[in-house]
Amino acid sequence: MPSPVRAILIALALTAAFFAGAWYFASRTAPQSGTASMPLADQIASLNLNLGSGGVGDNELLRVAFDQVEHAYYKEVDAQTLIKGERTGLLSYLKDALKKKHVQPQLPAVGPGNDESQALSALNSQLASARSRYAPLGVAPADLTQAALTGMLKSLGDPYTEYLSPQQIRALNEQLDGGDFGGIGVFIYQLKNGQVVLQPIPDLPAARAGMHAGEVVDMIDGRTIKGFTLDRVERLIRGPEGTQVTLKTHPYKGTGGRSFHITREIIHVPTVHAKMENGYDYIRLSDFGQTSAAEIRKALLEGKAKHAKGYILDLRFNGGGLLDAAVNISSYFIQHGTIVTEIDRAGDRDSKEATGAYIPGLRPVAVLVNGFTASASEITAGALQDYKAAALIGTQTYGKGVVQGIYTMPNGGALKITTERYLTPAGRDIQHKGIAPDQNVAQTNDFRLIDTPQDKQLQAAKAYLDRFTR
């Protein structure tokens, strides 16, 4: 088994139906028309992945990917599945790349991969054939390699297991680290109809320019963005500090265009928004990033110093993040015991225990959840519910009960592979099930309702806490 340069366990909800990607500005695809999800990891921290400098051979990339999947994936893998997946990925990419040339791509059949050497030979043969046939037609060899790797990982049928290109892993590296970058201070989402929607972050350039939540982007610097991927939209919005970007937008579910001329700044996006309201410490967590636990601890201690009557932890639209962050945050509310148990392909268990960072006196607690509360969020929500450390209020959570590892590749890309499934402290397997709240409060899945007078779930949390303070 090859040793990855660095493998980091993460608990991310990155499904084709739920989130379309894990790249900064939290590029997402909503599960139903008219809704959008909040960012998975808006704060940008280094994964310390020691990205490679390129130039590695294709055969080596295929070998590393094959070996890593064969040994790390949480289920047994048939080598023939990976071979067929590579073929599908290559043909799919070539069909699109050669569409304007009216060329129907074909690849010769390869023999079955009955053992590891035969499987690797088949993988190498298919990629070499694609390069020799179609590189002369203008297809970039590097793109074919990425198509082959993407097809291999996609063949597993696991929406959380995928190949990340060097560009994508650099963005994820930023996303989980809370670092600084040149931008305008917005979260960006993509609806199923393809519309790109922006939500400005308070006190940052877009908000200061007068942008409101729910602006649909029509043009960037005079270029229509219809059909653009979120990764491409992100690259157009971001840029060097001091440069200007021009956005043309219209209101979500509204008419009338607006133009914004915004100067980019170095942006640092916190993961926590906290405030005291009616004597309660309200804390909204957007993701489980590298510094989220420290931010949550600071907010909790500040609330305690102000003699908060209760605490509200808002995990709605939080798609997860780092597993360790979930364990650390849960430990503030849970004095001792198991927070989460991971189970690998062999059935071996690894229990993550409370860290000892318990903060006494954090009662009563309400945790807000909804259908976009996923992964690391569910680890924390499930642990607090199992230990009766908090009441969950809202709607059924998403139901992602598996954990991924990030394995760097020699070309600077990475493999994100599902390595384990997990159980809550009470032994609940939430995969495809989610967590039922203690108090069900239905509300439209619209992030613009969060922390407004129309937020029925937040009002229900306050009413719940009121029972303890009368």
# chains A, B, ... in the order shown; residues from 1 in each chain; ligands from 1
>>> residues_around(residues="Lys100 of chain A", least_positions_apart="5", cutoff="12 Å", atoms="only C-alpha atoms", output="PDB file with N, CA and C atoms, in the first residue's frame")
ATOM      1  N   LEU A  94     -13.892  12.796 -24.089  1.00  0.00           N
ATOM      2  CA  LEU A  94     -13.560  12.940 -25.506  1.00  0.00           C
ATOM      3  C   LEU A  94     -14.782  13.309 -26.337  1.00  0.00           C
ATOM      4  N   LYS A  95     -15.908  12.738 -25.996  1.00  0.00           N
ATOM      5  CA  LYS A  95     -17.130  13.054 -26.737  1.00  0.00           C
ATOM      6  C   LYS A  95     -17.432  14.539 -26.662  1.00  0.00           C
ATOM      7  N   LEU A 137      -5.487  15.626 -32.319  1.00  0.00           N
ATOM      8  CA  LEU A 137      -6.669  16.422 -32.660  1.00  0.00           C
ATOM      9  C   LEU A 137      -6.846  17.605 -31.724  1.00  0.00           C
ATOM     10  N   GLY A 138      -5.852  17.845 -30.868  1.00  0.00           N
ATOM     11  CA  GLY A 138      -5.895  19.015 -29.998  1.00  0.00           C
ATOM     12  C   GLY A 138      -6.353  18.744 -28.582  1.00  0.00           C
TER      13      GLY A 138
END
>>> residues_around(residues="segment 119-135 of chain A", least_positions_apart="4", cutoff="12 Å", atoms="only C-alpha atoms", output="PyMOL selection string")
chain A and resi 57-67+70+78-95+97-98+101+103-115+139-149+151-152
>>> residues_around(residues="segment 373-385 of chain A", least_positions_apart="3", cutoff="6 Å", atoms="only C-alpha atoms", output="ChimeraX atom specification")
/A:11-13,316-321,323,326,330,339,369-370,388-390,397-398,400,424-425
>>> closest_residue(among="A:Arg258, A:Leu313, A:Ile188, A:Thr246", to="Val272 of chain A", atoms="only C-alpha atoms")
A:Leu313
>>> select_by_dssp(residues="segment 187-355 of chain A", states="strand (DSSP E)", output="MDAnalysis selection string")
chainID A and resid 187:190 196:200 215:220 223:224 244:251 258:263 265:267 272:277 280:285 310:314 320:322 338:343 349:353
>>> residues_around(residues="Lys275 of chain A", least_positions_apart="4", cutoff="9 Å", atoms="only C-alpha atoms", output="list in words")
Tyr280, Asp281, Tyr282, Ile283, Ala299 and Gly303 of chain A
>>> write_last_selection(atoms="N, CA and C atoms", output="mmCIF file, in the first residue's frame")
data_model
loop_
_atom_site.group_PDB
_atom_site.id
_atom_site.type_symbol
_atom_site.label_atom_id
_atom_site.label_comp_id
_atom_site.auth_asym_id
_atom_site.auth_seq_id
_atom_site.Cartn_x
_atom_site.Cartn_y
_atom_site.Cartn_z
ATOM 1 N N TYR A 280 -29.775 35.252 25.605
ATOM 2 C CA TYR A 280 -29.298 33.971 25.087
ATOM 3 C C TYR A 280 -28.086 34.187 24.197
ATOM 4 N N ASP A 281 -27.163 33.248 24.282
ATOM 5 C CA ASP A 281 -25.954 33.279 23.448
ATOM 6 C C ASP A 281 -26.261 32.523 22.165
ATOM 7 N N TYR A 282 -26.463 33.276 21.075
ATOM 8 C CA TYR A 282 -26.780 32.671 19.772
ATOM 9 C C TYR A 282 -25.495 32.553 18.969
ATOM 10 N N ILE A 283 -25.173 31.322 18.549
ATOM 11 C CA ILE A 283 -23.933 31.052 17.821
ATOM 12 C C ILE A 283 -24.269 30.289 16.540
ATOM 13 N N ALA A 299 -16.782 32.140 21.635
ATOM 14 C CA ALA A 299 -18.165 32.614 21.689
ATOM 15 C C ALA A 299 -18.885 32.082 22.921
ATOM 16 N N GLY A 303 -20.274 34.295 26.054
ATOM 17 C CA GLY A 303 -21.661 34.209 26.485
ATOM 18 C C GLY A 303 -21.761 33.882 27.966
#
>>> residues_around(residues="Thr355 of chain A", least_positions_apart="3", cutoff="10 Å", atoms="only C-alpha atoms", output="compact mmCIF listing (two decimals) with C-alpha atoms, in the first residue's frame")
# COMPACT_ATOMS: atom_id res chain seq x y z
CA VAL A 327 -15.02 16.18 18.14
CA ASN A 328 -13.48 19.29 19.70
CA ILE A 329 -16.69 21.32 19.54
CA SER A 330 -18.78 18.45 20.91
CA SER A 331 -16.33 18.16 23.82
CA TYR A 332 -17.24 21.63 25.09
CA ILE A 334 -19.80 16.65 26.79
CA GLN A 335 -17.51 16.04 29.77
CA HIS A 336 -16.40 12.49 28.94
CA GLY A 337 -17.28 9.54 26.75
CA THR A 338 -17.24 8.63 23.07
CA ILE A 339 -18.14 11.36 20.60
CA LYS A 352 -12.99 9.41 19.25
CA TYR A 358 -15.56 20.55 28.68
>>> closest_residue(among="A:Leu465, A:Leu300, A:Val245, A:Ile266", to="Leu362 of chain A", atoms="only C-alpha atoms")
A:Leu300
>>> residues_around(residues="Thr418 of chain A", least_positions_apart="3", cutoff="10 Å", atoms="only C-alpha atoms", output="list in words")
Leu9, Ile10, Ala11, Leu12, Val69, Ala72, Tyr73, Tyr74, Lys75, Asp158, Pro159, Tyr160, Thr161, Glu162, Asp344, Val402, Val403, Gln404, Gly405, Ile406, Leu415 and Arg421 of chain A
>>> write_last_selection(atoms="N, CA and C atoms", output="short mmCIF file (atom, residue, chain, number, x, y, z; two decimals), in the first residue's frame")
data_model
loop_
_atom_site.label_atom_id
_atom_site.label_comp_id
_atom_site.auth_asym_id
_atom_site.auth_seq_id
_atom_site.Cartn_x
_atom_site.Cartn_y
_atom_site.Cartn_z
N LEU A 9 -8.40 13.05 7.59
CA LEU A 9 -9.80 12.66 7.65
C LEU A 9 -10.68 13.90 7.68
N ILE A 10 -11.67 13.88 6.84
CA ILE A 10 -12.64 14.97 6.82
C ILE A 10 -14.02 14.38 6.76
N ALA A 11 -14.97 15.11 7.24
CA ALA A 11 -16.36 14.67 7.20
C ALA A 11 -17.12 15.69 6.38
N LEU A 12 -17.16 15.46 5.08
CA LEU A 12 -17.74 16.43 4.17
C LEU A 12 -18.96 15.87 3.46
N VAL A 69 -7.27 3.35 -3.80
CA VAL A 69 -8.67 2.91 -3.76
C VAL A 69 -8.76 1.48 -3.27
N ALA A 72 -7.73 1.74 0.63
CA ALA A 72 -8.31 2.70 1.58
C ALA A 72 -9.83 2.77 1.54
N TYR A 73 -10.44 2.43 0.40
CA TYR A 73 -11.89 2.59 0.27
C TYR A 73 -12.60 1.69 1.28
N TYR A 74 -13.72 2.16 1.81
CA TYR A 74 -14.35 1.45 2.92
C TYR A 74 -15.14 0.21 2.50
N LYS A 75 -15.16 -0.10 1.22
CA LYS A 75 -15.78 -1.33 0.73
C LYS A 75 -14.81 -2.04 -0.21
N ASP A 158 -19.95 6.23 -5.40
CA ASP A 158 -19.95 6.92 -4.11
C ASP A 158 -19.81 8.41 -4.37
N PRO A 159 -20.84 9.20 -4.08
CA PRO A 159 -20.77 10.64 -4.40
C PRO A 159 -19.70 11.38 -3.63
N TYR A 160 -19.16 10.78 -2.57
CA TYR A 160 -18.16 11.45 -1.76
C TYR A 160 -16.73 11.10 -2.16
N THR A 161 -16.57 10.10 -3.02
CA THR A 161 -15.24 9.68 -3.44
C THR A 161 -14.97 10.24 -4.83
N GLU A 162 -13.92 11.02 -4.97
CA GLU A 162 -13.66 11.68 -6.25
C GLU A 162 -12.20 12.07 -6.37
N ASP A 344 -13.99 0.83 9.77
CA ASP A 344 -13.41 0.71 8.43
C ASP A 344 -13.90 -0.56 7.74
N VAL A 402 -20.60 8.81 6.66
CA VAL A 402 -19.31 8.29 6.23
C VAL A 402 -18.27 9.39 6.30
N VAL A 403 -17.01 8.98 6.40
CA VAL A 403 -15.89 9.90 6.55
C VAL A 403 -14.92 9.70 5.39
N GLN A 404 -14.33 10.81 4.93
CA GLN A 404 -13.38 10.74 3.83
C GLN A 404 -11.96 11.05 4.28
N GLY A 405 -11.01 10.54 3.53
CA GLY A 405 -9.60 10.91 3.70
C GLY A 405 -9.12 11.60 2.43
N ILE A 406 -8.28 12.60 2.59
CA ILE A 406 -7.66 13.28 1.45
C ILE A 406 -6.26 12.71 1.27
N LEU A 415 -6.88 12.52 -4.07
CA LEU A 415 -8.02 11.61 -4.07
C LEU A 415 -8.78 11.83 -2.77
N ARG A 421 -17.24 4.42 7.82
CA ARG A 421 -18.57 4.90 8.21
C ARG A 421 -18.51 5.20 9.70
#
>>> decode(residues="segment 350-401 of chain A", atoms="C-alpha atoms", output="CSV table (one decimal), in the first residue's frame")
chain,number,residue,atom,x,y,z
A,350,ASP,CA,-11.8,3.7,16.3
A,351,SER,CA,-13.6,5.7,18.9
A,352,LYS,CA,-13.0,9.4,19.3
A,353,GLU,CA,-13.4,10.4,22.9
A,354,ALA,CA,-14.2,13.7,24.5
A,355,THR,CA,-11.0,15.8,24.6
A,356,GLY,CA,-11.4,17.1,28.2
A,357,ALA,CA,-12.1,20.6,27.0
A,358,TYR,CA,-15.6,20.5,28.7
A,359,ILE,CA,-17.0,23.9,29.7
A,360,PRO,CA,-19.1,23.6,32.8
A,361,GLY,CA,-22.5,25.4,33.0
A,362,LEU,CA,-23.4,25.4,29.4
A,363,ARG,CA,-27.1,24.6,30.0
A,364,PRO,CA,-29.7,24.8,28.6
A,365,VAL,CA,-28.7,24.3,25.0
A,366,ALA,CA,-30.7,24.2,21.8
A,367,VAL,CA,-29.2,23.0,18.5
A,368,LEU,CA,-30.9,24.1,15.3
A,369,VAL,CA,-30.8,21.6,12.4
A,370,ASN,CA,-32.4,21.1,9.0
A,371,GLY,CA,-32.0,19.0,5.9
A,372,PHE,CA,-28.8,20.8,5.0
A,373,THR,CA,-27.1,19.9,8.4
A,374,ALA,CA,-24.7,17.2,7.3
A,375,SER,CA,-21.7,15.2,8.1
A,376,ALA,CA,-19.5,16.8,10.8
A,377,SER,CA,-22.6,18.8,11.8
A,378,GLU,CA,-24.4,15.5,12.3
A,379,ILE,CA,-21.6,14.2,14.4
A,380,THR,CA,-21.9,17.1,16.8
A,381,ALA,CA,-25.7,17.2,16.7
A,382,GLY,CA,-25.9,13.4,17.2
A,383,ALA,CA,-23.5,13.4,20.1
A,384,LEU,CA,-25.2,16.2,21.9
A,385,GLN,CA,-28.6,14.5,21.4
A,386,ASP,CA,-27.3,11.1,22.6
A,387,TYR,CA,-25.9,12.6,25.8
A,388,LYS,CA,-29.0,14.8,26.3
A,389,ALA,CA,-26.7,17.7,26.4
A,390,ALA,CA,-29.0,19.7,24.0
A,391,ALA,CA,-32.4,19.6,22.4
A,392,LEU,CA,-32.3,19.4,18.6
A,393,ILE,CA,-34.9,21.7,17.0
A,394,GLY,CA,-35.8,22.0,13.3
A,395,THR,CA,-36.1,19.2,10.7
A,396,GLN,CA,-34.5,15.9,9.8
A,397,THR,CA,-30.8,16.2,9.0
A,398,TYR,CA,-29.2,15.2,5.8
A,399,GLY,CA,-27.9,11.8,6.6
A,400,LYS,CA,-24.2,11.5,5.8
A,401,GLY,CA,-22.6,8.8,8.0
